[in-house]
$ cat start_31.txt   # compact mmCIF, C-alpha atoms
# COMPACT_ATOMS: atom_id res chain seq x y z
CA MET A 1 -92.82 102.86 -28.00
CA SER A 2 -90.85 106.12 -28.10
CA GLN A 3 -91.06 108.57 -25.24
CA SER A 4 -89.71 112.05 -24.49
CA GLY A 5 -90.28 114.78 -21.96
CA ALA A 6 -92.95 117.36 -22.77
CA GLY A 7 -91.39 119.96 -20.49
CA THR A 8 -93.49 121.97 -18.07
CA THR A 9 -97.10 121.69 -19.23
CA THR A 10 -100.42 122.79 -17.73
CA LEU A 11 -103.23 120.27 -18.10
CA LEU A 12 -106.97 120.87 -17.72
CA PHE A 13 -109.50 118.05 -17.36
CA THR A 14 -113.28 118.51 -17.46
CA ASP A 15 -116.31 116.33 -16.85
CA ILE A 16 -120.08 116.93 -16.74
CA GLU A 17 -121.51 116.30 -13.28
CA GLY A 18 -124.54 113.99 -13.26
CA SER A 19 -124.34 113.24 -16.99
CA THR A 20 -126.32 109.99 -16.70
CA LYS A 21 -129.16 111.74 -14.91
CA LEU A 22 -129.02 114.52 -17.48
CA LEU A 23 -129.27 111.97 -20.28
CA GLN A 24 -132.33 110.38 -18.69
CA GLU A 25 -133.99 113.77 -18.27
CA LEU A 26 -133.28 115.04 -21.79
CA GLY A 27 -133.56 111.88 -23.84
CA ASP A 28 -132.75 112.51 -27.51
CA ALA A 29 -131.92 116.16 -26.78
CA TYR A 30 -128.89 115.06 -24.77
CA GLY A 31 -126.81 114.64 -27.93
CA THR A 32 -127.36 118.27 -28.86
CA VAL A 33 -126.56 119.40 -25.32
CA LEU A 34 -123.34 117.39 -25.31
CA ALA A 35 -122.28 118.83 -28.66
CA ASP A 36 -123.02 122.39 -27.52
CA HIS A 37 -121.07 121.76 -24.31
CA HIS A 38 -117.99 120.67 -26.29
CA ARG A 39 -118.36 123.65 -28.63
CA LEU A 40 -118.40 126.08 -25.71
CA LEU A 41 -115.34 124.45 -24.19
CA ARG A 42 -113.44 124.54 -27.49
CA GLU A 43 -114.25 128.22 -27.99
CA ALA A 44 -113.24 129.20 -24.45
CA PHE A 45 -110.14 127.01 -24.28
CA GLY A 46 -108.99 127.80 -27.80
CA GLY A 47 -109.29 131.51 -27.02
CA GLN A 48 -106.59 131.07 -24.35
CA GLY A 49 -104.24 128.95 -26.44
CA GLY A 50 -105.54 125.58 -25.28
CA THR A 51 -104.92 122.46 -27.34
CA GLU A 52 -107.48 119.64 -27.28
CA LEU A 53 -105.81 116.33 -26.49
CA ASP A 54 -108.81 114.07 -26.04
CA THR A 55 -112.59 114.12 -25.87
CA ALA A 56 -114.40 111.11 -24.50
CA GLY A 57 -118.14 111.26 -23.92
CA ASP A 58 -118.86 114.07 -21.49
CA GLY A 59 -115.21 114.68 -20.59
CA ALA A 60 -112.41 116.67 -22.20
CA TYR A 61 -108.65 116.98 -21.78
CA TYR A 62 -106.58 120.01 -22.85
CA LYS A 63 -103.08 121.40 -22.46
CA PHE A 64 -102.18 125.09 -22.13
CA PRO A 65 -99.05 127.22 -22.58
CA SER A 66 -99.30 128.50 -19.01
CA ALA A 67 -101.19 128.01 -15.76
CA ARG A 68 -102.62 131.51 -16.04
CA ALA A 69 -104.02 130.73 -19.50
CA ALA A 70 -105.63 127.54 -18.16
CA VAL A 71 -107.28 129.42 -15.28
CA ALA A 72 -108.54 132.16 -17.61
CA ALA A 73 -109.87 129.52 -20.01
CA ALA A 74 -111.63 127.61 -17.23
CA VAL A 75 -113.32 130.79 -15.99
CA ASP A 76 -114.36 131.75 -19.54
CA ALA A 77 -115.77 128.26 -20.09
CA GLN A 78 -117.73 128.23 -16.84
CA ARG A 79 -119.25 131.60 -17.65
CA ALA A 80 -120.21 130.41 -21.14
CA LEU A 81 -121.74 127.22 -19.78
CA GLN A 82 -123.67 129.14 -17.13
CA SER A 83 -125.13 131.68 -19.55
CA ASN A 84 -125.97 129.25 -22.36
CA PRO A 85 -129.74 128.73 -22.93
CA TRP A 86 -129.91 124.96 -22.43
CA PRO A 87 -133.09 123.16 -23.60
CA SER A 88 -135.82 122.26 -21.11
CA GLY A 89 -134.15 124.36 -18.45
CA ALA A 90 -131.35 121.80 -18.13
CA ALA A 91 -128.41 122.63 -15.89
CA VAL A 92 -125.10 121.57 -17.41
CA ARG A 93 -122.55 121.74 -14.59
CA VAL A 94 -118.95 120.90 -15.42
CA ARG A 95 -116.16 120.11 -12.97
CA MET A 96 -112.66 121.23 -13.91
CA GLY A 97 -109.18 120.45 -12.62
CA VAL A 98 -105.90 122.20 -13.49
CA HIS A 99 -102.41 120.89 -12.79
CA THR A 100 -98.96 121.89 -14.01
CA GLY A 101 -96.34 119.19 -14.29
CA GLU A 102 -93.92 117.43 -16.63
CA PRO A 103 -95.81 114.73 -18.51
CA ILE A 104 -94.14 112.38 -20.97
CA VAL A 105 -94.84 112.43 -24.70
CA SER A 106 -95.45 108.94 -26.04
CA ASP A 107 -96.90 107.40 -29.18
CA VAL A 108 -100.34 107.44 -27.52
CA GLY A 109 -100.13 111.03 -26.28
CA LEU A 110 -99.15 112.51 -22.92
CA VAL A 111 -98.66 109.99 -20.12
CA GLY A 112 -97.26 109.94 -16.60
CA ILE A 113 -98.30 110.64 -13.04
CA ASP A 114 -98.96 114.32 -13.74
CA VAL A 115 -101.68 113.38 -16.24
CA HIS A 116 -103.32 111.15 -13.65
CA ARG A 117 -102.96 113.85 -11.00
CA ALA A 118 -104.76 116.40 -13.18
CA SER A 119 -107.56 113.91 -13.83
CA ARG A 120 -107.97 113.11 -10.12
CA ILE A 121 -108.07 116.81 -9.23
CA SER A 122 -110.88 117.33 -11.72
CA GLY A 123 -112.71 114.32 -10.29
CA ALA A 124 -112.59 115.82 -6.80
CA ALA A 125 -114.49 118.93 -7.92
CA HIS A 126 -118.23 119.54 -8.13
CA GLY A 127 -120.09 120.81 -11.17
CA GLY A 128 -119.22 124.46 -11.74
CA GLN A 129 -116.10 124.24 -9.58
CA ILE A 130 -112.52 124.81 -10.77
CA LEU A 131 -109.69 123.24 -8.75
CA LEU A 132 -105.96 123.90 -9.01
CA SER A 133 -102.98 121.91 -7.80
CA ARG A 134 -100.27 123.56 -5.71
CA THR A 135 -97.91 123.83 -8.69
CA ALA A 136 -100.58 125.42 -10.89
CA ARG A 137 -101.41 127.87 -8.10
CA ASP A 138 -97.74 128.78 -7.65
CA LEU A 139 -97.39 129.57 -11.34
CA ALA A 140 -100.73 131.31 -11.88
CA GLY A 141 -101.19 133.00 -8.53
CA ARG A 142 -99.33 136.22 -9.32
CA GLU A 143 -100.88 136.68 -12.76
CA LEU A 144 -104.55 135.89 -12.26
CA PRO A 145 -107.09 137.53 -14.57
CA ALA A 146 -109.01 140.52 -13.22
CA GLY A 147 -111.82 139.55 -10.86
CA VAL A 148 -110.31 136.12 -10.17
CA SER A 149 -108.83 134.91 -6.88
CA LEU A 150 -107.90 131.60 -5.28
CA LEU A 151 -109.30 129.95 -2.15
CA ASP A 152 -106.97 127.63 -0.22
CA LEU A 153 -108.81 124.34 0.41
CA GLY A 154 -105.92 122.60 2.17
CA GLU A 155 -104.67 119.08 1.60
CA HIS A 156 -106.86 116.23 0.38
CA ARG A 157 -106.25 112.59 -0.41
CA LEU A 158 -107.26 111.65 -3.93
CA LYS A 159 -107.88 108.19 -5.28
CA ASP A 160 -104.73 106.24 -6.22
CA LEU A 161 -102.35 109.10 -5.34
CA ALA A 162 -99.94 108.25 -2.54
CA GLU A 163 -99.48 111.77 -1.17
CA PRO A 164 -102.15 114.31 -0.15
CA GLN A 165 -102.72 117.04 -2.73
CA HIS A 166 -102.86 120.71 -1.73
CA LEU A 167 -105.80 122.12 -3.66
CA PHE A 168 -107.09 125.59 -4.42
CA GLN A 169 -110.47 126.74 -5.74
CA VAL A 170 -110.84 129.43 -8.36
CA VAL A 171 -113.22 132.20 -7.26
CA ALA A 172 -114.44 134.44 -10.07
CA GLU A 173 -116.98 137.22 -10.35
CA GLY A 174 -120.35 135.99 -11.59
CA LEU A 175 -119.66 132.31 -10.84
CA PRO A 176 -120.75 130.18 -7.85
CA SER A 177 -118.18 130.12 -5.07
CA THR A 178 -119.77 127.83 -2.47
CA PHE A 179 -119.67 124.07 -2.95
CA PRO A 180 -120.02 120.92 -0.82
CA PRO A 181 -116.86 119.26 0.56
CA LEU A 182 -114.58 117.96 -2.16
CA ARG A 183 -115.15 114.50 -3.58
CA ALA A 184 -111.97 113.26 -1.92
CA LEU A 185 -110.84 110.49 0.38
CA ALA A 186 -110.98 111.37 4.04
CA GLY A 187 -107.59 110.01 5.07
CA ASP A 188 -106.73 109.44 8.72
CA ARG A 189 -107.24 113.04 9.80
CA GLY A 190 -110.28 113.60 7.58
CA ALA A 191 -112.02 110.45 8.76
CA ARG A 192 -111.43 111.41 12.38
CA ILE A 193 -112.98 114.84 11.78
CA VAL A 194 -116.05 113.19 10.22
CA LEU A 195 -116.39 110.66 13.00
CA ASP A 196 -116.05 113.38 15.64
CA ALA A 197 -118.75 115.43 13.92
CA LEU A 198 -121.00 112.38 13.79
CA GLY A 199 -120.35 111.56 17.44
CA PRO A 200 -123.99 111.91 18.61
CA ALA A 201 -125.22 109.54 15.92
CA LEU A 202 -122.52 107.00 16.78
CA ALA A 203 -123.37 107.26 20.47
CA GLU A 204 -127.05 106.66 19.70
CA ILE A 205 -126.16 103.49 17.80
CA SER A 206 -123.93 102.29 20.62
CA VAL A 207 -126.62 102.85 23.27
CA SER A 208 -129.09 100.90 21.15
CA GLY A 209 -126.93 97.84 21.60
CA ARG A 210 -125.60 97.57 18.06
CA GLN A 211 -121.94 96.83 17.38
CA PRO A 212 -119.59 99.78 16.75
CA LEU A 213 -119.10 100.72 13.13
CA ASP A 214 -116.10 99.12 11.46
CA ILE A 215 -114.96 101.91 9.13
CA ASP A 216 -111.79 101.43 7.14
CA VAL A 217 -109.56 104.52 6.92
CA PRO A 218 -109.08 106.21 4.54
CA GLU A 219 -112.73 106.19 3.49
CA SER A 220 -114.85 108.49 1.39
CA LEU A 221 -116.68 111.11 3.42
CA ASP A 222 -119.89 110.19 1.66
CA VAL A 223 -119.37 106.50 2.46
CA VAL A 224 -118.80 107.22 6.14
CA ALA A 225 -121.92 109.37 6.37
CA ALA A 226 -124.00 106.82 4.46
CA GLU A 227 -122.87 103.98 6.73
CA VAL A 228 -123.83 105.97 9.82
CA ALA A 229 -127.25 106.73 8.29
CA ARG A 230 -127.82 103.04 7.54
CA GLU A 231 -126.92 102.00 11.06
CA ARG A 232 -129.21 104.61 12.54
CA ALA A 233 -132.07 103.35 10.37
CA ARG A 234 -131.48 99.75 11.53
CA ALA A 235 -131.19 100.62 15.23
CA PRO A 236 -134.26 99.66 17.33
CA ARG A 237 -136.32 102.57 18.62

$ encode --input "start_31.txt" --output "C-alpha cells"
Amino acid sequence: MSQSGAGTTTLLFTDIEGSTKLLQELGDAYGTVLADHHRLLREAFGGQGGTELDTAGDGAYYKFPSARAAVAAAVDAQRALQSNPWPSGAAVRVRMGVHTGEPIVSDVGLVGIDVHRASRISGAAHGGQILLSRTARDLAGRELPAGVSLLDLGEHRLKDLAEPQHLFQVVAEGLPSTFPPLRALAGDRGARIVLDALGPALAEISVSGRQPLDIDVPESLDVVAAEVARERARAPR
C-alpha cells in the first residue's frame, strides 16, 4: 500500500446525537431527515471549500483548506440545521470536531493519528456543539468569522489518546453556547474533582455500612456519577 504525506490539513468530523432515538421516533421519515441533514452539511461545507471524504450513516468526514474555513463551515452548518423545518418537530442536533494536523494519504484515504484525534474530538462534543483542537485554534484564532469567538475548555482525556487534548468551543451568534460537560474521560484530576463534588453522597454510602466504591481512574464522568447513584439506591434507609 502506497503512502505519502498530505501536508497540513484541517479535518472536520460530524455525528448526529441520539440518532437511534431519533430513528425510533420518526420511523420511515428518518431516511428523509438523514438525507436532508447530509444535504445541509454538503451545502455549508462545500461553500467553504470543504471536500467530503466519507459519509457513513449519520456521520460525515471532511477536509478543508484552512482551519478558519472549517470553523466558518461548521457555524454555517449548525445554523442551517437549527433553522431547517424538520418533520414532526424533530430536533436534529449534530456534534462537530475540528483538528488540524498532518495525516497520511494512503490507498484507502487519509490515515494516521491526526484522523483519529479529529474523530475523538467530535465524539467528545454534544449535539449542536463545535469543538476545536489546540492546533486548529492556533491557526483559526486570529481570523475567525464575524460574530464568532472561542471558549477555552481546558485539557480533557479522550478515548484511546495517550495525552490530554486542549479543547476549545466555538461560540457564534444565534447558536447555543451552553452545554453539559464534555463526553470525555475524567483522568486522575477529573475523577478527583468528581469524587470531591460527590463527597456527601459517598459519605452517606459509607455511613450506611456499604463498602467504599472501587472506581478505576480514568473513568467516564457519567460512569462515576451513575455508580454513585446505584450505590445510593442500594443503601439501606

$ closest_residue --input "start_31.txt" --among "A:Arg93, A:Asp160, A:Ser106, A:Ala72" --to "Gly147 in chain A" --atoms "all atoms listed in the file"
A:Ala72

$ atom_distance --input "start_31.txt" --atom1 "CA of Gly27 in chain A" --atom2 "CA of Gly57 in chain A"
15.4 Å

$ closest_residue --input "start_31.txt" --among "A:Leu26, A:Ala44, A:Val33, A:Ala162" --to "Pro85 in chain A" --atoms "only C-alpha atoms"
A:Val33

$ atom_distance --input "start_31.txt" --atom1 "CA of Pro103 in chain A" --atom2 "CA of Glu52 in chain A"
15.4 Å

$ build_atoms --input "start_31.txt" --residues "range 135-168 of chain A" --atoms "N, CA and C atoms" --output "PDB file, keeping the file's coordinate frame"
ATOM      1  N   THR A 135     -98.838 123.316  -7.679  1.00  0.00           N
ATOM      2  CA  THR A 135     -97.910 123.830  -8.690  1.00  0.00           C
ATOM      3  C   THR A 135     -98.606 124.802  -9.644  1.00  0.00           C
ATOM      4  N   ALA A 136     -99.839 124.492 -10.023  1.00  0.00           N
ATOM      5  CA  ALA A 136    -100.580 125.420 -10.890  1.00  0.00           C
ATOM      6  C   ALA A 136    -100.842 126.721 -10.169  1.00  0.00           C
ATOM      7  N   ARG A 137    -101.175 126.640  -8.882  1.00  0.00           N
ATOM      8  CA  ARG A 137    -101.410 127.870  -8.100  1.00  0.00           C
ATOM      9  C   ARG A 137    -100.130 128.702  -8.026  1.00  0.00           C
ATOM     10  N   ASP A 138     -98.997 128.045  -7.776  1.00  0.00           N
ATOM     11  CA  ASP A 138     -97.740 128.780  -7.650  1.00  0.00           C
ATOM     12  C   ASP A 138     -97.401 129.530  -8.929  1.00  0.00           C
ATOM     13  N   LEU A 139     -97.711 128.950 -10.068  1.00  0.00           N
ATOM     14  CA  LEU A 139     -97.390 129.570 -11.340  1.00  0.00           C
ATOM     15  C   LEU A 139     -98.407 130.622 -11.776  1.00  0.00           C
ATOM     16  N   ALA A 140     -99.667 130.394 -11.427  1.00  0.00           N
ATOM     17  CA  ALA A 140    -100.730 131.310 -11.880  1.00  0.00           C
ATOM     18  C   ALA A 140    -101.057 132.388 -10.872  1.00  0.00           C
ATOM     19  N   GLY A 141    -100.716 132.151  -9.615  1.00  0.00           N
ATOM     20  CA  GLY A 141    -101.190 133.000  -8.530  1.00  0.00           C
ATOM     21  C   GLY A 141    -100.881 134.467  -8.653  1.00  0.00           C
ATOM     22  N   ARG A 142     -99.730 134.812  -9.228  1.00  0.00           N
ATOM     23  CA  ARG A 142     -99.330 136.220  -9.320  1.00  0.00           C
ATOM     24  C   ARG A 142     -99.837 136.884 -10.589  1.00  0.00           C
ATOM     25  N   GLU A 143    -100.448 136.118 -11.482  1.00  0.00           N
ATOM     26  CA  GLU A 143    -100.880 136.680 -12.760  1.00  0.00           C
ATOM     27  C   GLU A 143    -102.327 136.288 -13.064  1.00  0.00           C
ATOM     28  N   LEU A 144    -103.160 136.287 -12.050  1.00  0.00           N
ATOM     29  CA  LEU A 144    -104.550 135.890 -12.260  1.00  0.00           C
ATOM     30  C   LEU A 144    -105.299 136.961 -13.051  1.00  0.00           C
ATOM     31  N   PRO A 145    -106.275 136.550 -13.849  1.00  0.00           N
ATOM     32  CA  PRO A 145    -107.090 137.530 -14.570  1.00  0.00           C
ATOM     33  C   PRO A 145    -107.840 138.445 -13.596  1.00  0.00           C
ATOM     34  N   ALA A 146    -108.260 139.594 -14.069  1.00  0.00           N
ATOM     35  CA  ALA A 146    -109.010 140.520 -13.220  1.00  0.00           C
ATOM     36  C   ALA A 146    -110.287 139.861 -12.720  1.00  0.00           C
ATOM     37  N   GLY A 147    -110.598 140.107 -11.442  1.00  0.00           N
ATOM     38  CA  GLY A 147    -111.820 139.550 -10.860  1.00  0.00           C
ATOM     39  C   GLY A 147    -111.718 138.099 -10.479  1.00  0.00           C
ATOM     40  N   VAL A 148    -110.506 137.529 -10.502  1.00  0.00           N
ATOM     41  CA  VAL A 148    -110.310 136.120 -10.170  1.00  0.00           C
ATOM     42  C   VAL A 148    -109.353 136.006  -8.986  1.00  0.00           C
ATOM     43  N   SER A 149    -109.690 135.168  -8.027  1.00  0.00           N
ATOM     44  CA  SER A 149    -108.830 134.910  -6.880  1.00  0.00           C
ATOM     45  C   SER A 149    -108.841 133.413  -6.586  1.00  0.00           C
ATOM     46  N   LEU A 150    -108.018 133.009  -5.624  1.00  0.00           N
ATOM     47  CA  LEU A 150    -107.900 131.600  -5.280  1.00  0.00           C
ATOM     48  C   LEU A 150    -108.199 131.381  -3.806  1.00  0.00           C
ATOM     49  N   LEU A 151    -108.943 130.318  -3.516  1.00  0.00           N
ATOM     50  CA  LEU A 151    -109.300 129.950  -2.150  1.00  0.00           C
ATOM     51  C   LEU A 151    -108.527 128.694  -1.767  1.00  0.00           C
ATOM     52  N   ASP A 152    -107.779 128.764  -0.687  1.00  0.00           N
ATOM     53  CA  ASP A 152    -106.970 127.630  -0.220  1.00  0.00           C
ATOM     54  C   ASP A 152    -107.892 126.605   0.439  1.00  0.00           C
ATOM     55  N   LEU A 153    -107.962 125.406  -0.121  1.00  0.00           N
ATOM     56  CA  LEU A 153    -108.810 124.340   0.410  1.00  0.00           C
ATOM     57  C   LEU A 153    -108.029 123.326   1.242  1.00  0.00           C
ATOM     58  N   GLY A 154    -106.725 123.513   1.372  1.00  0.00           N
ATOM     59  CA  GLY A 154    -105.920 122.600   2.170  1.00  0.00           C
ATOM     60  C   GLY A 154    -105.593 121.308   1.431  1.00  0.00           C
ATOM     61  N   GLU A 155    -105.091 120.341   2.188  1.00  0.00           N
ATOM     62  CA  GLU A 155    -104.670 119.080   1.600  1.00  0.00           C
ATOM     63  C   GLU A 155    -105.794 118.048   1.590  1.00  0.00           C
ATOM     64  N   HIS A 156    -105.831 117.261   0.521  1.00  0.00           N
ATOM     65  CA  HIS A 156    -106.860 116.230   0.380  1.00  0.00           C
ATOM     66  C   HIS A 156    -106.240 114.995  -0.250  1.00  0.00           C
ATOM     67  N   ARG A 157    -106.692 113.842   0.198  1.00  0.00           N
ATOM     68  CA  ARG A 157    -106.250 112.590  -0.410  1.00  0.00           C
ATOM     69  C   ARG A 157    -107.155 112.252  -1.581  1.00  0.00           C
ATOM     70  N   LEU A 158    -106.523 111.993  -2.719  1.00  0.00           N
ATOM     71  CA  LEU A 158    -107.260 111.650  -3.930  1.00  0.00           C
ATOM     72  C   LEU A 158    -106.988 110.208  -4.310  1.00  0.00           C
ATOM     73  N   LYS A 159    -107.956 109.593  -4.930  1.00  0.00           N
ATOM     74  CA  LYS A 159    -107.880 108.190  -5.280  1.00  0.00           C
ATOM     75  C   LYS A 159    -106.608 107.850  -6.035  1.00  0.00           C
ATOM     76  N   ASP A 160    -105.910 106.818  -5.572  1.00  0.00           N
ATOM     77  CA  ASP A 160    -104.730 106.240  -6.220  1.00  0.00           C
ATOM     78  C   ASP A 160    -103.481 107.107  -6.142  1.00  0.00           C
ATOM     79  N   LEU A 161    -103.540 108.269  -5.509  1.00  0.00           N
ATOM     80  CA  LEU A 161    -102.350 109.100  -5.340  1.00  0.00           C
ATOM     81  C   LEU A 161    -101.806 108.918  -3.932  1.00  0.00           C
ATOM     82  N   ALA A 162    -100.526 108.615  -3.828  1.00  0.00           N
ATOM     83  CA  ALA A 162     -99.940 108.250  -2.540  1.00  0.00           C
ATOM     84  C   ALA A 162     -99.905 109.411  -1.554  1.00  0.00           C
ATOM     85  N   GLU A 163     -99.628 110.604  -2.044  1.00  0.00           N
ATOM     86  CA  GLU A 163     -99.480 111.770  -1.170  1.00  0.00           C
ATOM     87  C   GLU A 163    -100.696 112.680  -1.243  1.00  0.00           C
ATOM     88  N   PRO A 164    -101.049 113.333  -0.118  1.00  0.00           N
ATOM     89  CA  PRO A 164    -102.150 114.310  -0.150  1.00  0.00           C
ATOM     90  C   PRO A 164    -101.832 115.430  -1.135  1.00  0.00           C
ATOM     91  N   GLN A 165    -102.867 115.972  -1.746  1.00  0.00           N
ATOM     92  CA  GLN A 165    -102.720 117.040  -2.730  1.00  0.00           C
ATOM     93  C   GLN A 165    -103.254 118.353  -2.148  1.00  0.00           C
ATOM     94  N   HIS A 166    -102.428 119.386  -2.197  1.00  0.00           N
ATOM     95  CA  HIS A 166    -102.860 120.710  -1.730  1.00  0.00           C
ATOM     96  C   HIS A 166    -103.637 121.369  -2.853  1.00  0.00           C
ATOM     97  N   LEU A 167    -104.912 121.641  -2.609  1.00  0.00           N
ATOM     98  CA  LEU A 167    -105.800 122.120  -3.660  1.00  0.00           C
ATOM     99  C   LEU A 167    -106.308 123.536  -3.395  1.00  0.00           C
ATOM    100  N   PHE A 168    -106.598 124.221  -4.475  1.00  0.00           N
ATOM    101  CA  PHE A 168    -107.090 125.590  -4.420  1.00  0.00           C
ATOM    102  C   PHE A 168    -108.296 125.716  -5.349  1.00  0.00           C
TER     103      PHE A 168
END
